[in-house]
file final_9.csv (CSV, C-alpha atoms)
chain,number,residue,atom,x,y,z
A,1,ILE,CA,0.0,0.5,-2.1
A,2,ILE,CA,-0.1,4.3,-2.0
A,3,GLN,CA,1.7,6.3,-4.7
A,4,PHE,CA,2.6,9.9,-4.0
A,5,ARG,CA,2.5,12.1,-7.0
A,6,ASP,CA,2.8,15.9,-6.5
A,7,LYS,CA,4.1,18.0,-9.4
A,8,THR,CA,3.1,21.4,-8.1
A,9,ASN,CA,4.3,22.0,-4.5
A,10,ASP,CA,7.8,22.9,-3.4
A,11,PHE,CA,10.2,20.1,-2.1
A,12,GLN,CA,9.7,20.9,1.6
A,13,THR,CA,5.9,20.7,1.3
A,14,GLN,CA,6.2,17.5,-0.6
A,15,LEU,CA,8.6,16.0,2.0
A,16,ASN,CA,6.3,16.9,4.9
A,17,VAL,CA,3.3,15.3,3.2
A,18,ALA,CA,5.3,12.3,2.1
A,19,LYS,CA,6.5,11.6,5.6
A,20,LYS,CA,3.0,11.8,7.0
A,21,ILE,CA,1.8,9.4,4.3
A,22,LYS,CA,4.7,7.1,5.1
A,23,ASN,CA,3.7,7.0,8.7
A,24,LEU,CA,0.1,6.2,7.8
A,25,THR,CA,1.2,3.4,5.4
A,26,ASN,CA,3.4,1.9,8.1
A,27,SER,CA,0.5,2.0,10.6
A,28,PHE,CA,-1.8,0.1,8.2
A,29,GLY,CA,0.8,-2.3,6.7
A,30,ALA,CA,0.7,-0.7,3.3
A,31,LEU,CA,3.5,0.3,0.9
A,32,PHE,CA,4.5,3.8,0.0
A,33,ILE,CA,5.7,4.7,-3.5
A,34,VAL,CA,7.0,8.1,-4.5
A,35,ASN,CA,6.6,9.2,-8.1
A,36,ASP,CA,9.5,10.8,-10.0
A,37,HIS,CA,11.7,12.1,-7.2
A,38,LEU,CA,14.6,10.0,-6.0
A,39,ASP,CA,15.6,12.5,-3.3
A,40,LEU,CA,12.1,12.7,-2.0
A,41,ALA,CA,11.8,8.9,-2.0
A,42,ILE,CA,15.1,8.6,0.0
A,43,LYS,CA,14.3,11.3,2.5
A,44,SER,CA,10.8,10.1,3.2
A,45,ASN,CA,12.0,6.5,3.5
A,46,ALA,CA,9.6,5.3,0.8
A,47,ASP,CA,9.2,1.6,0.1
A,48,GLY,CA,9.6,2.3,-3.6
A,49,ILE,CA,9.8,4.8,-6.5
A,50,HIS,CA,8.2,5.0,-9.9
A,51,ILE,CA,10.2,6.7,-12.6
A,52,GLY,CA,9.5,7.9,-16.1
A,53,ILE,CA,11.5,8.8,-19.2
A,54,GLU,CA,12.5,12.3,-17.8
A,55,ASP,CA,13.7,11.0,-14.4
A,56,GLU,CA,17.0,9.6,-13.3
A,57,ASP,CA,18.1,6.5,-15.2
A,58,ILE,CA,17.5,3.1,-13.6
A,59,LYS,CA,21.2,2.5,-12.8
A,60,THR,CA,21.4,5.7,-10.8
A,61,ILE,CA,18.1,4.8,-9.0
A,62,LYS,CA,19.4,1.3,-8.1
A,63,ARG,CA,22.7,2.8,-6.8
A,64,PHE,CA,21.0,5.2,-4.4
A,65,PHE,CA,17.8,3.4,-3.7
A,66,GLY,CA,19.1,-0.1,-3.2
A,67,ASN,CA,16.8,-3.1,-3.1
A,68,LYS,CA,13.6,-1.2,-2.7
A,69,ILE,CA,10.7,-1.3,-5.2
A,70,ILE,CA,11.4,0.4,-8.5
A,71,GLY,CA,8.7,0.9,-11.1
A,72,VAL,CA,9.6,2.2,-14.6
A,73,SER,CA,7.2,3.6,-17.2
A,74,CYS,CA,7.8,1.7,-20.5
A,75,TYR,CA,5.7,3.8,-22.8
A,76,GLY,CA,4.6,0.7,-24.7
A,77,ASP,CA,8.3,-0.4,-25.3
A,78,LEU,CA,9.2,-3.4,-23.1

call {"tool": "encode", "arguments": {"input": "final_9.csv", "output": "structure tokens"}}
result
Amino acid sequence: IIQFRDKTNDFQTQLNVAKKIKNLTNSFGALFIVNDHLDLAIKSNADGIHIGIEDEDIKTIKRFFGNKIIGVSCYGDL
């Protein structure tokens, strides 16, 4: 599993890199997870997303991201 976490580059740069990583993970039978950005996860066709407390809520993620992998930081509170 490869998780893409880029908090500094602009969206287009992130999308270009994310698509390249997605192609590589497809080639090697690996999964691709995007950190924090629902729109980036959707547009790069990621296999999953990881969200934190400052990101979209889980209901919104499920509505737009479907049955893909969703990871959520719990900050020690299950």

call {"tool": "closest_residue", "arguments": {"input": "final_9.csv", "among": "A:Ile69, A:Cys74, A:Ile2, A:Ala18", "to": "Asp39 (chain A)", "atoms": "all atoms listed in the file"}}
result
A:Ala18

call {"tool": "atom_distance", "arguments": {"input": "final_9.csv", "atom1": "CA of Ile53 (chain A)", "atom2": "CA of Ala41 (chain A)"}}
result
17.2 Å

call {"tool": "closest_residue", "arguments": {"input": "final_9.csv", "among": "A:Asp77, A:Leu38, A:Ala30, A:Asn45", "to": "Phe64 (chain A)", "atoms": "all atoms listed in the file"}}
result
A:Leu38

call {"tool": "closest_residue", "arguments": {"input": "final_9.csv", "among": "A:Glu56, A:Gly29, A:Asp47, A:Asn35", "to": "Lys68 (chain A)", "atoms": "all atoms listed in the file"}}
result
A:Asp47

call {"tool": "residues_around", "arguments": {"input": "final_9.csv", "residues": "Tyr75 (chain A)", "least_positions_apart": "2", "cutoff": "12 Å", "atoms": "all atoms listed in the file", "output": "number ranges by chain"}}
result
A: 51-54, 72-73, 77-78

call {"tool": "atom_distance", "arguments": {"input": "final_9.csv", "atom1": "CA of Ile70 (chain A)", "atom2": "CA of Thr8 (chain A)"}}
result
22.6 Å

call {"tool": "build_atoms", "arguments": {"input": "final_9.csv", "residues": "region 13-24 of chain A", "atoms": "all heavy atoms", "output": "PDB file, keeping the file's coordinate frame"}}
result
ATOM      1  N   THR A  13       7.346  21.059   1.153  1.00  0.00           N
ATOM      2  CA  THR A  13       5.900  20.700   1.300  1.00  0.00           C
ATOM      3  C   THR A  13       5.732  19.232   0.925  1.00  0.00           C
ATOM      4  O   THR A  13       5.065  18.468   1.632  1.00  0.00           O
ATOM      5  CB  THR A  13       5.030  21.611   0.479  1.00  0.00           C
ATOM      6  OG1 THR A  13       5.228  22.961   0.913  1.00  0.00           O
ATOM      7  CG2 THR A  13       3.567  21.231   0.624  1.00  0.00           C
ATOM      8  N   GLN A  14       6.320  18.838  -0.205  1.00  0.00           N
ATOM      9  CA  GLN A  14       6.200  17.500  -0.600  1.00  0.00           C
ATOM     10  C   GLN A  14       6.795  16.499   0.411  1.00  0.00           C
ATOM     11  O   GLN A  14       6.200  15.466   0.711  1.00  0.00           O
ATOM     12  CB  GLN A  14       6.949  17.250  -1.960  1.00  0.00           C
ATOM     13  CG  GLN A  14       6.284  17.907  -3.134  1.00  0.00           C
ATOM     14  CD  GLN A  14       7.079  17.741  -4.417  1.00  0.00           C
ATOM     15  OE1 GLN A  14       8.156  17.143  -4.436  1.00  0.00           O
ATOM     16  NE2 GLN A  14       6.557  18.284  -5.498  1.00  0.00           N
ATOM     17  N   LEU A  15       7.943  16.858   0.972  1.00  0.00           N
ATOM     18  CA  LEU A  15       8.600  16.000   2.000  1.00  0.00           C
ATOM     19  C   LEU A  15       7.721  15.888   3.219  1.00  0.00           C
ATOM     20  O   LEU A  15       7.556  14.789   3.757  1.00  0.00           O
ATOM     21  CB  LEU A  15       9.972  16.541   2.323  1.00  0.00           C
ATOM     22  CG  LEU A  15      10.765  15.721   3.337  1.00  0.00           C
ATOM     23  CD1 LEU A  15      10.956  14.281   2.866  1.00  0.00           C
ATOM     24  CD2 LEU A  15      12.108  16.378   3.615  1.00  0.00           C
ATOM     25  N   ASN A  16       7.167  16.983   3.681  1.00  0.00           N
ATOM     26  CA  ASN A  16       6.300  16.900   4.900  1.00  0.00           C
ATOM     27  C   ASN A  16       5.103  16.018   4.643  1.00  0.00           C
ATOM     28  O   ASN A  16       4.766  15.202   5.506  1.00  0.00           O
ATOM     29  CB  ASN A  16       5.826  18.347   5.234  1.00  0.00           C
ATOM     30  CG  ASN A  16       6.933  19.219   5.762  1.00  0.00           C
ATOM     31  OD1 ASN A  16       7.981  18.747   6.209  1.00  0.00           O
ATOM     32  ND2 ASN A  16       6.735  20.528   5.685  1.00  0.00           N
ATOM     33  N   VAL A  17       4.471  16.153   3.489  1.00  0.00           N
ATOM     34  CA  VAL A  17       3.300  15.300   3.200  1.00  0.00           C
ATOM     35  C   VAL A  17       3.738  13.854   3.012  1.00  0.00           C
ATOM     36  O   VAL A  17       3.087  12.941   3.531  1.00  0.00           O
ATOM     37  CB  VAL A  17       2.586  15.821   1.911  1.00  0.00           C
ATOM     38  CG1 VAL A  17       1.495  14.857   1.473  1.00  0.00           C
ATOM     39  CG2 VAL A  17       2.001  17.207   2.155  1.00  0.00           C
ATOM     40  N   ALA A  18       4.837  13.635   2.315  1.00  0.00           N
ATOM     41  CA  ALA A  18       5.300  12.300   2.100  1.00  0.00           C
ATOM     42  C   ALA A  18       5.630  11.558   3.396  1.00  0.00           C
ATOM     43  O   ALA A  18       5.293  10.378   3.563  1.00  0.00           O
ATOM     44  CB  ALA A  18       6.564  12.295   1.192  1.00  0.00           C
ATOM     45  N   LYS A  19       6.236  12.247   4.338  1.00  0.00           N
ATOM     46  CA  LYS A  19       6.500  11.600   5.600  1.00  0.00           C
ATOM     47  C   LYS A  19       5.263  11.275   6.392  1.00  0.00           C
ATOM     48  O   LYS A  19       5.185  10.228   7.042  1.00  0.00           O
ATOM     49  CB  LYS A  19       7.409  12.572   6.482  1.00  0.00           C
ATOM     50  CG  LYS A  19       8.845  12.621   6.011  1.00  0.00           C
ATOM     51  CD  LYS A  19       9.663  13.536   6.902  1.00  0.00           C
ATOM     52  CE  LYS A  19      11.127  13.524   6.518  1.00  0.00           C
ATOM     53  NZ  LYS A  19      11.938  14.387   7.398  1.00  0.00           N
ATOM     54  N   LYS A  20       4.252  12.117   6.300  1.00  0.00           N
ATOM     55  CA  LYS A  20       3.000  11.800   7.000  1.00  0.00           C
ATOM     56  C   LYS A  20       2.313  10.595   6.318  1.00  0.00           C
ATOM     57  O   LYS A  20       1.793   9.722   7.018  1.00  0.00           O
ATOM     58  CB  LYS A  20       2.039  13.029   6.873  1.00  0.00           C
ATOM     59  CG  LYS A  20       2.471  14.166   7.765  1.00  0.00           C
ATOM     60  CD  LYS A  20       1.569  15.370   7.609  1.00  0.00           C
ATOM     61  CE  LYS A  20       2.096  16.531   8.451  1.00  0.00           C
ATOM     62  NZ  LYS A  20       1.300  17.755   8.255  1.00  0.00           N
ATOM     63  N   ILE A  21       2.356  10.545   4.994  1.00  0.00           N
ATOM     64  CA  ILE A  21       1.800   9.400   4.300  1.00  0.00           C
ATOM     65  C   ILE A  21       2.553   8.120   4.664  1.00  0.00           C
ATOM     66  O   ILE A  21       1.969   7.062   4.891  1.00  0.00           O
ATOM     67  CB  ILE A  21       1.738   9.603   2.786  1.00  0.00           C
ATOM     68  CG1 ILE A  21       0.783  10.759   2.446  1.00  0.00           C
ATOM     69  CG2 ILE A  21       1.306   8.320   2.064  1.00  0.00           C
ATOM     70  CD1 ILE A  21       0.840  11.195   0.988  1.00  0.00           C
ATOM     71  N   LYS A  22       3.874   8.218   4.708  1.00  0.00           N
ATOM     72  CA  LYS A  22       4.700   7.100   5.100  1.00  0.00           C
ATOM     73  C   LYS A  22       4.341   6.541   6.454  1.00  0.00           C
ATOM     74  O   LYS A  22       4.217   5.330   6.667  1.00  0.00           O
ATOM     75  CB  LYS A  22       6.191   7.427   4.989  1.00  0.00           C
ATOM     76  CG  LYS A  22       7.147   6.340   5.435  1.00  0.00           C
ATOM     77  CD  LYS A  22       7.030   5.070   4.617  1.00  0.00           C
ATOM     78  CE  LYS A  22       8.061   4.058   5.101  1.00  0.00           C
ATOM     79  NZ  LYS A  22       7.765   2.712   4.679  1.00  0.00           N
ATOM     80  N   ASN A  23       4.141   7.443   7.403  1.00  0.00           N
ATOM     81  CA  ASN A  23       3.700   7.000   8.700  1.00  0.00           C
ATOM     82  C   ASN A  23       2.392   6.305   8.722  1.00  0.00           C
ATOM     83  O   ASN A  23       2.201   5.296   9.412  1.00  0.00           O
ATOM     84  CB  ASN A  23       3.676   8.221   9.695  1.00  0.00           C
ATOM     85  CG  ASN A  23       5.051   8.701  10.090  1.00  0.00           C
ATOM     86  OD1 ASN A  23       6.015   7.945  10.085  1.00  0.00           O
ATOM     87  ND2 ASN A  23       5.148   9.966  10.438  1.00  0.00           N
ATOM     88  N   LEU A  24       1.454   6.823   7.935  1.00  0.00           N
ATOM     89  CA  LEU A  24       0.100   6.200   7.800  1.00  0.00           C
ATOM     90  C   LEU A  24       0.258   4.799   7.167  1.00  0.00           C
ATOM     91  O   LEU A  24      -0.362   3.837   7.638  1.00  0.00           O
ATOM     92  CB  LEU A  24      -0.809   7.049   6.999  1.00  0.00           C
ATOM     93  CG  LEU A  24      -1.385   8.251   7.707  1.00  0.00           C
ATOM     94  CD1 LEU A  24      -2.117   9.155   6.723  1.00  0.00           C
ATOM     95  CD2 LEU A  24      -2.329   7.812   8.824  1.00  0.00           C
TER      96      LEU A  24
END
